[in-house]
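So this block is upload01.csv, CSV, C-alpha atoms and all ligand atoms:
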```
chain,number,residue,atom,x,y,z
A,19,MET,CA,-21.6,10.8,10.2
A,20,LYS,CA,-24.0,8.1,9.0
A,21,LEU,CA,-22.3,4.8,8.2
A,22,GLU,CA,-23.3,2.7,5.3
A,23,THR,CA,-22.4,-0.6,7.0
A,24,ASP,CA,-25.1,-2.2,9.1
A,25,ASP,CA,-24.6,-2.3,12.9
A,26,LYS,CA,-25.1,-6.1,12.9
A,27,VAL,CA,-22.2,-6.5,10.5
A,28,ILE,CA,-20.0,-4.2,12.6
A,29,ASP,CA,-20.9,-6.3,15.7
A,30,TYR,CA,-20.2,-9.5,14.0
A,31,ILE,CA,-16.8,-8.4,12.7
A,32,ARG,CA,-15.9,-7.0,16.1
A,33,ARG,CA,-16.7,-10.3,17.7
A,34,ARG,CA,-14.6,-12.2,15.3
A,35,ILE,CA,-11.7,-9.9,15.8
A,36,ARG,CA,-12.0,-10.2,19.6
A,37,ASN,CA,-11.9,-13.9,19.3
A,38,SER,CA,-9.1,-13.9,16.8
A,39,ARG,CA,-5.5,-14.5,17.6
A,40,ASN,CA,-4.1,-13.8,14.2
A,41,VAL,CA,-5.1,-10.7,12.3
A,42,VAL,CA,-3.3,-9.7,9.2
A,43,ALA,CA,-3.9,-6.3,7.5
A,44,ILE,CA,-3.1,-5.6,3.9
A,45,LEU,CA,-2.7,-1.9,3.2
A,46,GLY,CA,-3.9,-0.4,-0.1
A,47,ILE,CA,-4.5,2.9,-1.8
A,48,GLU,CA,-7.4,4.0,0.5
A,49,MET,CA,-5.1,4.0,3.5
A,50,LEU,CA,-2.9,6.5,1.6
A,51,VAL,CA,-5.8,8.7,0.5
A,52,GLU,CA,-7.3,8.9,4.0
A,53,GLY,CA,-3.9,10.0,5.3
A,54,GLY,CA,-3.8,12.9,2.9
A,55,GLY,CA,-2.3,11.2,-0.2
A,56,TYR,CA,-4.0,10.8,-3.5
A,57,ASP,CA,-4.9,8.0,-5.8
A,58,LEU,CA,-2.9,8.4,-9.0
A,59,ASP,CA,-5.0,5.6,-10.4
A,60,SER,CA,-8.3,7.5,-10.2
A,61,ASN,CA,-9.9,9.1,-13.3
A,62,ASP,CA,-9.5,12.6,-12.1
A,63,GLU,CA,-5.8,12.2,-11.2
A,64,ASN,CA,-5.2,10.4,-14.5
A,65,TYR,CA,-6.6,13.2,-16.4
A,66,ARG,CA,-4.8,15.9,-14.5
A,67,VAL,CA,-1.5,14.1,-14.8
A,68,GLU,CA,-1.9,13.5,-18.5
A,69,GLU,CA,-2.7,17.1,-19.0
A,70,GLU,CA,0.4,18.2,-17.1
A,71,TYR,CA,3.0,15.7,-18.2
A,72,GLY,CA,1.6,14.3,-21.5
A,73,PHE,CA,1.6,10.7,-20.1
A,74,SER,CA,-0.5,8.8,-17.7
A,75,PRO,CA,0.7,7.9,-14.2
A,76,GLU,CA,0.6,4.3,-15.3
A,77,ASP,CA,2.9,5.0,-18.3
A,78,MET,CA,5.4,7.0,-16.2
A,79,LEU,CA,5.6,4.6,-13.2
A,80,SER,CA,6.8,1.8,-15.5
A,81,SER,CA,10.3,0.4,-15.8
A,82,SER,CA,10.4,1.0,-19.6
A,83,PHE,CA,9.6,4.7,-19.0
A,84,PHE,CA,12.3,5.0,-16.3
A,85,ASN,CA,14.8,3.4,-18.6
A,86,ALA,CA,13.9,5.5,-21.7
A,87,LYS,CA,12.9,8.9,-20.2
A,88,VAL,CA,14.5,9.2,-16.8
A,89,GLU,CA,14.3,13.0,-16.8
A,90,LYS,CA,10.6,13.0,-17.4
A,91,PHE,CA,10.2,10.2,-14.9
A,92,TYR,CA,11.8,12.2,-12.2
A,93,ARG,CA,9.9,15.4,-13.0
A,94,PHE,CA,6.7,13.5,-12.3
A,95,TYR,CA,7.9,11.2,-9.5
A,96,LYS,CA,9.5,14.0,-7.4
A,97,LYS,CA,6.4,16.2,-7.5
A,98,GLU,CA,3.6,13.7,-7.5
A,99,VAL,CA,5.0,10.7,-5.6
A,100,LEU,CA,7.7,12.1,-3.3
A,101,GLY,CA,5.6,15.3,-2.8
A,102,MET,CA,2.8,13.3,-1.2
A,103,GLU,CA,2.6,14.0,2.5
A,104,VAL,CA,0.9,11.1,4.2
A,105,HIS,CA,0.1,11.1,7.9
A,106,SER,CA,-1.4,8.7,10.3
A,107,THR,CA,-5.2,8.1,10.6
A,108,PRO,CA,-7.5,6.5,13.2
A,109,ALA,CA,-7.3,3.4,11.0
A,110,TYR,CA,-3.5,3.1,11.8
A,111,ASP,CA,-4.3,3.7,15.5
A,112,ALA,CA,-6.8,0.8,15.3
A,113,LEU,CA,-4.2,-1.5,13.9
A,114,LEU,CA,-1.7,-0.4,16.5
A,115,GLN,CA,-4.3,-1.2,19.1
A,116,LEU,CA,-4.6,-4.7,17.7
A,117,GLN,CA,-0.8,-5.0,17.8
A,118,ALA,CA,-0.8,-4.0,21.4
A,119,GLN,CA,-3.3,-6.7,22.1
A,120,GLY,CA,-0.9,-9.2,20.5
A,121,LYS,CA,-3.4,-10.0,17.7
A,122,LEU,CA,-1.8,-8.4,14.7
A,123,SER,CA,0.8,-10.8,13.3
A,124,ALA,CA,1.6,-9.0,10.0
A,125,VAL,CA,1.0,-5.9,8.0
A,126,VAL,CA,1.4,-6.4,4.2
A,127,SER,CA,1.8,-3.1,2.4
A,128,GLN,CA,0.9,-2.9,-1.3
A,129,ASN,CA,1.8,0.8,-1.3
A,130,PHE,CA,5.4,1.8,-1.8
A,131,HIS,CA,5.1,5.0,0.3
A,132,GLY,CA,6.3,3.6,3.6
A,133,LEU,CA,4.3,4.0,6.8
A,134,PRO,CA,3.3,7.4,8.2
A,135,GLN,CA,5.7,8.9,10.7
A,136,GLY,CA,5.1,7.5,14.2
A,137,VAL,CA,3.4,4.3,13.0
A,138,CYS,CA,5.5,1.3,13.8
A,139,PHE,CA,4.5,-2.3,13.1
A,140,HIS,CA,6.6,-5.2,14.3
A,141,ASN,CA,6.2,-7.2,11.1
A,142,VAL,CA,5.8,-5.3,7.9
A,143,ILE,CA,6.0,-7.0,4.5
A,144,GLU,CA,6.4,-4.5,1.7
A,145,LEU,CA,5.3,-6.2,-1.5
A,146,ASN,CA,6.3,-3.3,-3.8
A,147,GLY,CA,9.3,-1.7,-2.1
A,148,ASN,CA,9.6,1.5,-0.3
A,149,MET,CA,10.3,4.9,-1.8
A,150,HIS,CA,12.5,5.8,1.2
A,151,ASN,CA,15.1,3.3,-0.1
A,152,ASN,CA,17.0,4.4,-3.2
A,153,LYS,CA,20.0,2.8,-4.8
A,154,CYS,CA,22.6,3.4,-7.4
A,155,PRO,CA,22.1,0.6,-10.0
A,156,ARG,CA,25.8,0.5,-10.6
A,157,CYS,CA,27.6,0.6,-7.2
A,158,ASN,CA,24.5,-0.1,-5.0
A,159,LYS,CA,25.2,2.9,-2.8
A,160,ASP,CA,22.1,4.0,-0.8
A,161,PHE,CA,20.5,7.4,-1.0
A,162,ASP,CA,17.8,8.6,1.3
A,163,ILE,CA,14.6,10.4,0.5
A,164,HIS,CA,16.0,13.8,1.4
A,165,TYR,CA,18.6,13.4,-1.3
A,166,MET,CA,16.0,12.4,-3.8
A,167,ARG,CA,13.8,15.3,-2.9
A,168,SER,CA,16.5,18.0,-2.7
A,169,THR,CA,18.5,17.2,-5.8
A,170,ALA,CA,17.6,19.3,-8.8
A,171,GLY,CA,16.7,17.3,-11.9
A,172,ILE,CA,17.7,13.7,-12.0
A,173,PRO,CA,19.2,12.4,-8.7
A,174,LEU,CA,22.6,11.0,-9.7
A,175,CYS,CA,24.9,8.8,-7.8
A,176,ASP,CA,27.8,11.0,-6.7
A,177,CYS,CA,30.3,8.3,-7.5
A,178,CYS,CA,29.1,6.9,-10.8
A,179,LYS,CA,27.0,9.8,-12.1
A,180,VAL,CA,24.2,7.5,-13.1
A,181,ALA,CA,20.5,8.0,-12.2
A,182,VAL,CA,19.7,6.6,-8.7
A,183,ARG,CA,16.7,4.2,-8.8
A,184,PRO,CA,13.9,4.2,-6.2
A,185,ASP,CA,13.7,0.8,-4.6
A,186,ILE,CA,10.1,0.4,-5.6
A,187,ARG,CA,8.4,-2.0,-7.9
A,188,LEU,CA,7.7,-0.2,-11.2
A,189,LEU,CA,4.8,-1.4,-13.4
A,190,GLY,CA,6.0,-4.1,-15.7
A,191,GLU,CA,8.2,-5.6,-13.0
A,192,ARG,CA,7.5,-8.7,-11.0
A,193,VAL,CA,7.1,-8.9,-7.3
A,194,ASP,CA,10.0,-10.4,-5.5
A,195,THR,CA,9.0,-14.0,-5.1
A,196,THR,CA,10.5,-14.4,-1.6
A,197,ILE,CA,8.5,-11.5,-0.4
A,198,MET,CA,5.4,-12.7,-2.1
A,199,THR,CA,5.8,-16.1,-0.5
A,200,GLU,CA,6.3,-14.5,2.9
A,201,ALA,CA,3.1,-12.5,2.5
A,202,ALA,CA,1.1,-15.5,1.2
A,203,ILE,CA,2.2,-17.5,4.3
A,204,ALA,CA,1.1,-14.7,6.6
A,205,CYS,CA,-2.3,-14.3,4.9
A,206,GLU,CA,-2.9,-18.0,4.9
A,207,ALA,CA,-2.4,-18.3,8.7
A,208,ALA,CA,-4.7,-15.4,9.5
A,209,ASP,CA,-8.1,-15.9,11.3
A,210,VAL,CA,-9.1,-12.4,10.2
A,211,LEU,CA,-7.8,-10.8,7.1
A,212,LEU,CA,-8.4,-7.1,6.7
A,213,VAL,CA,-7.9,-5.9,3.1
A,214,LEU,CA,-7.7,-2.1,3.6
A,215,GLY,CA,-8.0,-0.6,0.2
A,216,LYS,CA,-7.3,-1.5,-3.4
A,217,ASN,CA,-4.0,-2.3,-5.1
A,218,MET,CA,-2.5,-0.1,-7.8
A,219,TYR,CA,-1.0,-3.1,-9.4
A,220,ASP,CA,-3.2,-5.5,-11.2
A,221,ASP,CA,-2.0,-8.6,-9.6
A,222,ARG,CA,-3.7,-10.2,-6.6
A,223,LEU,CA,-2.1,-11.7,-3.6
A,224,GLU,CA,-2.8,-15.4,-4.1
A,225,TYR,CA,-2.8,-17.8,-1.3
A,226,GLY,CA,-4.8,-20.8,-0.3
A,227,VAL,CA,-6.6,-21.5,3.0
A,228,SER,CA,-7.4,-25.1,3.9
A,229,PRO,CA,-11.1,-25.8,4.3
A,230,GLU,CA,-10.8,-26.6,8.1
A,231,HIS,CA,-9.1,-23.2,8.7
A,232,LYS,CA,-11.9,-20.6,9.1
A,233,GLN,CA,-10.8,-17.2,7.9
A,234,LEU,CA,-12.9,-14.1,7.8
A,235,LYS,CA,-11.9,-11.9,4.9
A,236,ILE,CA,-13.1,-8.3,4.7
A,237,LEU,CA,-12.4,-5.9,1.9
A,238,PHE,CA,-12.6,-2.2,2.6
A,239,SER,CA,-13.1,-0.3,-0.7
A,240,LYS,CA,-15.5,2.2,-2.1
A,241,GLU,CA,-15.1,1.0,-5.6
A,242,GLU,CA,-18.5,-0.1,-6.9
A,243,PHE,CA,-17.0,-2.7,-9.3
A,244,VAL,CA,-15.3,-4.5,-6.5
A,245,ARG,CA,-17.2,-7.8,-6.5
A,246,ASN,CA,-14.8,-10.2,-5.0
A,247,ARG,CA,-16.4,-13.6,-4.4
A,248,THR,CA,-13.7,-14.7,-2.1
A,249,VAL,CA,-14.4,-12.0,0.6
A,250,ASP,CA,-17.0,-12.3,3.3
A,251,PHE,CA,-17.8,-8.6,3.5
A,252,VAL,CA,-17.2,-5.5,1.4
A,253,ILE,CA,-17.2,-2.4,3.5
A,254,LYS,CA,-17.7,0.9,1.8
A,255,ASP,CA,-17.3,3.3,4.6
A,256,ASP,CA,-14.1,5.3,5.3
A,257,ILE,CA,-11.6,2.9,6.9
A,258,SER,CA,-10.7,5.6,9.5
A,259,SER,CA,-14.4,5.8,10.5
A,260,ILE,CA,-15.2,2.2,10.6
A,261,LEU,CA,-12.2,0.2,11.6
A,262,PRO,CA,-11.9,1.7,15.1
A,263,LEU,CA,-15.5,0.6,15.8
A,264,MET,CA,-14.5,-3.0,15.0
A,265,ILE,CA,-11.6,-3.3,17.4
B,1,ZN,ZN,27.0,4.6,-7.9
```

Using the file provided, produce a representation of the structure as structure tokens.
Ligand SMILES: [Zn+2]
Amino acid sequence: MKLETDDKVIDYIRRRIRNSRNVVAILGIEMLVEGGGYDLDSNDENYRVEEEYGFSPEDMLSSSFFNAKVEKFYRFYKKEVLGMEVHSTPAYDALLQLQAQGKLSAVVSQNFHGLPQGVCFHNVIELNGNMHNNKCPRCNKDFDIHYMRSTAGIPLCDCCKVAVRPDIRLLGERVDTTIMTEAAIACEAADVLLVLGKNMYDDRLEYGVSPEHKQLKILFSKEEFVRNRTVDFVIKDDISSILPLMI
């Protein structure tokens, strides 16, 4: 397959990664999509979901919707979010290789889907929660994903009979500031920051890098409108095709 990215750019990034001692990767939507998931934020998915459920994914994945229409929330969430089967890709293998070399200091995930099976990073910072964790809002009892998937209708706490809540950040909710700070500190310290895909939340991970600290920041995204002035390169190829060439 012909790559869009110039060989010289690949060589340059590979050299910088080789010389780096601190690589941080931020996982976004494209990592999910390449692993067999889908982008609920895309126009096609938006249209399909609205046709089927009468609301957009953005409406339904909000805290106000969960509170007001929990039955509809779960009809959508169980099929479209919990039903997503996401597997590992060569991009994850490339990150694992960096980890084995002792270069990967943190993986910040903006997705709430958890990591594919078999992928294990030493330091994962989940900005928006993880759908594998679910809690009763009243008694705090934990429920696993199998319980959430297999229960008909609304998954209820067996003690309190109230709707269990996925431990993910719904739209309209703030990121946990402790976790955000932890992510910002990790990003700040990186020599190479790999931004692997876009974020479904509108917020951006803000952090400052002192002028004497040289950081190479690369954004991997196909979106044409992504014109981020703070990044050194925007790579439009599939992450799974290009990232292994840079390690
Ligand atoms: Zn309970």

Length of the CA of Ala124 (chain A) to CA of Ile35 (chain A) vector [Å]: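 If I compute the distance from CA of Ala124 (chain A) to CA of Ile35 (chain A), I get 14.5 Å.
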
*asked:* Distance limit 9 Å, reference ligand ZN 1 (chain B), atoms considered: all atoms listed in the file. Which residues make the cut? Give them as a list in words.
replied: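 Written in the requested form, the residues are Lys153, Cys154, Pro155, Arg156, Cys157, Asn158, Lys159, Asp160, Leu174, Cys175, Asp176, Cys177, Cys178, Lys179, Val180, Ala181 and Val182 of chain A.
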
Of the listed residues A:Leu50, A:Ile265, A:Val42, A:Ala170, that which approaches Phe139 (chain A) most closely, counting only C-alpha atoms
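Going through A:Leu50, A:Ile265, A:Val42, A:Ala170 one by one, the smallest distance to Phe139 (chain A) is for A:Val42.
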
Checklist line | Nearest candidate to Leu223 (chain A) (options A:Asp256, A:Phe73, A:Lys96, A:Val126; using all atoms listed in the file) | finding: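 Looking at the shortest contact to Leu223 (chain A), the residue is A:Val126.
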
With distances taken over only C-alpha atoms, the candidate from A:Gly101, A:Gly171, A:Gly215, A:Gly72 nearest Ser127 (chain A) is A:Gly215

Shortest contact to Asp209 (chain A), candidates A:Thr195, A:Ser81, A:Asn40, A:Ser74, atoms counted all atoms listed in the file, goes to A:Asn40

- Task: Could you jot down the CA of Pro184 (chain A) to CA of Met149 (chain A) separation for me, Å, one decimal place?
- Result: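 Interatomic distance, CA of Pro184 (chain A) to CA of Met149 (chain A): 5.7 Å.
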
For Arg33 (chain A), the closest of A:Met19, A:Val210, A:Ala109, A:Val88 counting all atoms listed in the file is A:Val210

- Considering all atoms listed in the file, return as a list in words whatever protein or nucleic-acid residues lie within 12 Å of Met198 (chain A), sequence-local ones (same chain, fewer than 2 positions apart) excluded.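 Neighbouring residues, sequence-local ones excluded: Val126, Ser127, Gln128, Ile143, Glu144, Leu145, Asn146, Gly147, Arg192, Val193, Asp194, Thr195, Thr196, Glu200, Ala201, Ala202, Ile203, Ala204, Cys205, Asp221, Arg222, Leu223, Glu224 and Tyr225 of chain A.
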
Could you add whatever atoms are missing so that region 162-186 of chain A carries N, CA and C atoms, then write the result as a PDB file, in the frame of the given file?
```pdb
ATOM      1  N   ASP A 162      19.062   8.489   0.619  1.00  0.00           N
ATOM      2  CA  ASP A 162      17.800   8.600   1.300  1.00  0.00           C
ATOM      3  C   ASP A 162      16.837   9.539   0.582  1.00  0.00           C
ATOM      4  N   ILE A 163      15.653   9.637   1.144  1.00  0.00           N
ATOM      5  CA  ILE A 163      14.600  10.400   0.500  1.00  0.00           C
ATOM      6  C   ILE A 163      14.893  11.878   0.398  1.00  0.00           C
ATOM      7  N   HIS A 164      15.638  12.361   1.383  1.00  0.00           N
ATOM      8  CA  HIS A 164      16.000  13.800   1.400  1.00  0.00           C
ATOM      9  C   HIS A 164      16.868  14.108   0.165  1.00  0.00           C
ATOM     10  N   TYR A 165      17.772  13.205  -0.110  1.00  0.00           N
ATOM     11  CA  TYR A 165      18.600  13.400  -1.300  1.00  0.00           C
ATOM     12  C   TYR A 165      17.794  13.411  -2.548  1.00  0.00           C
ATOM     13  N   MET A 166      16.844  12.490  -2.624  1.00  0.00           N
ATOM     14  CA  MET A 166      16.000  12.400  -3.800  1.00  0.00           C
ATOM     15  C   MET A 166      15.151  13.644  -3.985  1.00  0.00           C
ATOM     16  N   ARG A 167      14.653  14.155  -2.869  1.00  0.00           N
ATOM     17  CA  ARG A 167      13.800  15.300  -2.900  1.00  0.00           C
ATOM     18  C   ARG A 167      14.561  16.601  -3.238  1.00  0.00           C
ATOM     19  N   SER A 168      15.760  16.698  -2.658  1.00  0.00           N
ATOM     20  CA  SER A 168      16.500  18.000  -2.700  1.00  0.00           C
ATOM     21  C   SER A 168      17.336  18.140  -3.966  1.00  0.00           C
ATOM     22  N   THR A 169      17.656  17.065  -4.652  1.00  0.00           N
ATOM     23  CA  THR A 169      18.500  17.200  -5.800  1.00  0.00           C
ATOM     24  C   THR A 169      17.715  17.770  -6.996  1.00  0.00           C
ATOM     25  N   ALA A 170      18.300  18.741  -7.680  1.00  0.00           N
ATOM     26  CA  ALA A 170      17.600  19.300  -8.800  1.00  0.00           C
ATOM     27  C   ALA A 170      17.723  18.316 -10.011  1.00  0.00           C
ATOM     28  N   GLY A 171      16.678  18.193 -10.774  1.00  0.00           N
ATOM     29  CA  GLY A 171      16.700  17.300 -11.900  1.00  0.00           C
ATOM     30  C   GLY A 171      16.804  15.838 -11.543  1.00  0.00           C
ATOM     31  N   ILE A 172      17.602  15.105 -12.290  1.00  0.00           N
ATOM     32  CA  ILE A 172      17.700  13.700 -12.000  1.00  0.00           C
ATOM     33  C   ILE A 172      18.682  13.439 -10.856  1.00  0.00           C
ATOM     34  N   PRO A 173      18.260  12.729  -9.804  1.00  0.00           N
ATOM     35  CA  PRO A 173      19.200  12.400  -8.700  1.00  0.00           C
ATOM     36  C   PRO A 173      20.264  11.435  -9.205  1.00  0.00           C
ATOM     37  N   LEU A 174      21.504  11.865  -9.217  1.00  0.00           N
ATOM     38  CA  LEU A 174      22.600  11.000  -9.700  1.00  0.00           C
ATOM     39  C   LEU A 174      23.407  10.468  -8.561  1.00  0.00           C
ATOM     40  N   CYS A 175      23.995   9.318  -8.757  1.00  0.00           N
ATOM     41  CA  CYS A 175      24.900   8.800  -7.800  1.00  0.00           C
ATOM     42  C   CYS A 175      26.186   9.666  -7.834  1.00  0.00           C
ATOM     43  N   ASP A 176      26.639  10.105  -6.674  1.00  0.00           N
ATOM     44  CA  ASP A 176      27.800  11.000  -6.700  1.00  0.00           C
ATOM     45  C   ASP A 176      29.080  10.356  -7.117  1.00  0.00           C
ATOM     46  N   CYS A 177      29.131   9.032  -7.049  1.00  0.00           N
ATOM     47  CA  CYS A 177      30.300   8.300  -7.500  1.00  0.00           C
ATOM     48  C   CYS A 177      30.255   8.013  -9.008  1.00  0.00           C
ATOM     49  N   CYS A 178      29.152   7.382  -9.399  1.00  0.00           N
ATOM     50  CA  CYS A 178      29.100   6.900 -10.800  1.00  0.00           C
ATOM     51  C   CYS A 178      28.417   7.809 -11.769  1.00  0.00           C
ATOM     52  N   LYS A 179      27.729   8.822 -11.263  1.00  0.00           N
ATOM     53  CA  LYS A 179      27.000   9.800 -12.100  1.00  0.00           C
ATOM     54  C   LYS A 179      25.916   9.105 -12.968  1.00  0.00           C
ATOM     55  N   VAL A 180      25.351   8.036 -12.449  1.00  0.00           N
ATOM     56  CA  VAL A 180      24.200   7.500 -13.100  1.00  0.00           C
ATOM     57  C   VAL A 180      22.952   7.721 -12.273  1.00  0.00           C
ATOM     58  N   ALA A 181      21.781   7.649 -12.901  1.00  0.00           N
ATOM     59  CA  ALA A 181      20.500   8.000 -12.200  1.00  0.00           C
ATOM     60  C   ALA A 181      20.295   6.944 -11.069  1.00  0.00           C
ATOM     61  N   VAL A 182      20.038   7.465  -9.880  1.00  0.00           N
ATOM     62  CA  VAL A 182      19.700   6.600  -8.700  1.00  0.00           C
ATOM     63  C   VAL A 182      18.285   6.056  -9.000  1.00  0.00           C
ATOM     64  N   ARG A 183      18.051   4.830  -8.561  1.00  0.00           N
ATOM     65  CA  ARG A 183      16.700   4.200  -8.800  1.00  0.00           C
ATOM     66  C   ARG A 183      15.985   4.047  -7.460  1.00  0.00           C
ATOM     67  N   PRO A 184      14.730   4.519  -7.401  1.00  0.00           N
ATOM     68  CA  PRO A 184      13.900   4.200  -6.200  1.00  0.00           C
ATOM     69  C   PRO A 184      13.754   2.726  -6.070  1.00  0.00           C
ATOM     70  N   ASP A 185      13.829   2.236  -4.852  1.00  0.00           N
ATOM     71  CA  ASP A 185      13.700   0.800  -4.600  1.00  0.00           C
ATOM     72  C   ASP A 185      12.225   0.430  -4.533  1.00  0.00           C
ATOM     73  N   ILE A 186      11.480   0.766  -5.561  1.00  0.00           N
ATOM     74  CA  ILE A 186      10.100   0.400  -5.600  1.00  0.00           C
ATOM     75  C   ILE A 186       9.820  -0.427  -6.824  1.00  0.00           C
TER      76      ILE A 186
END
```
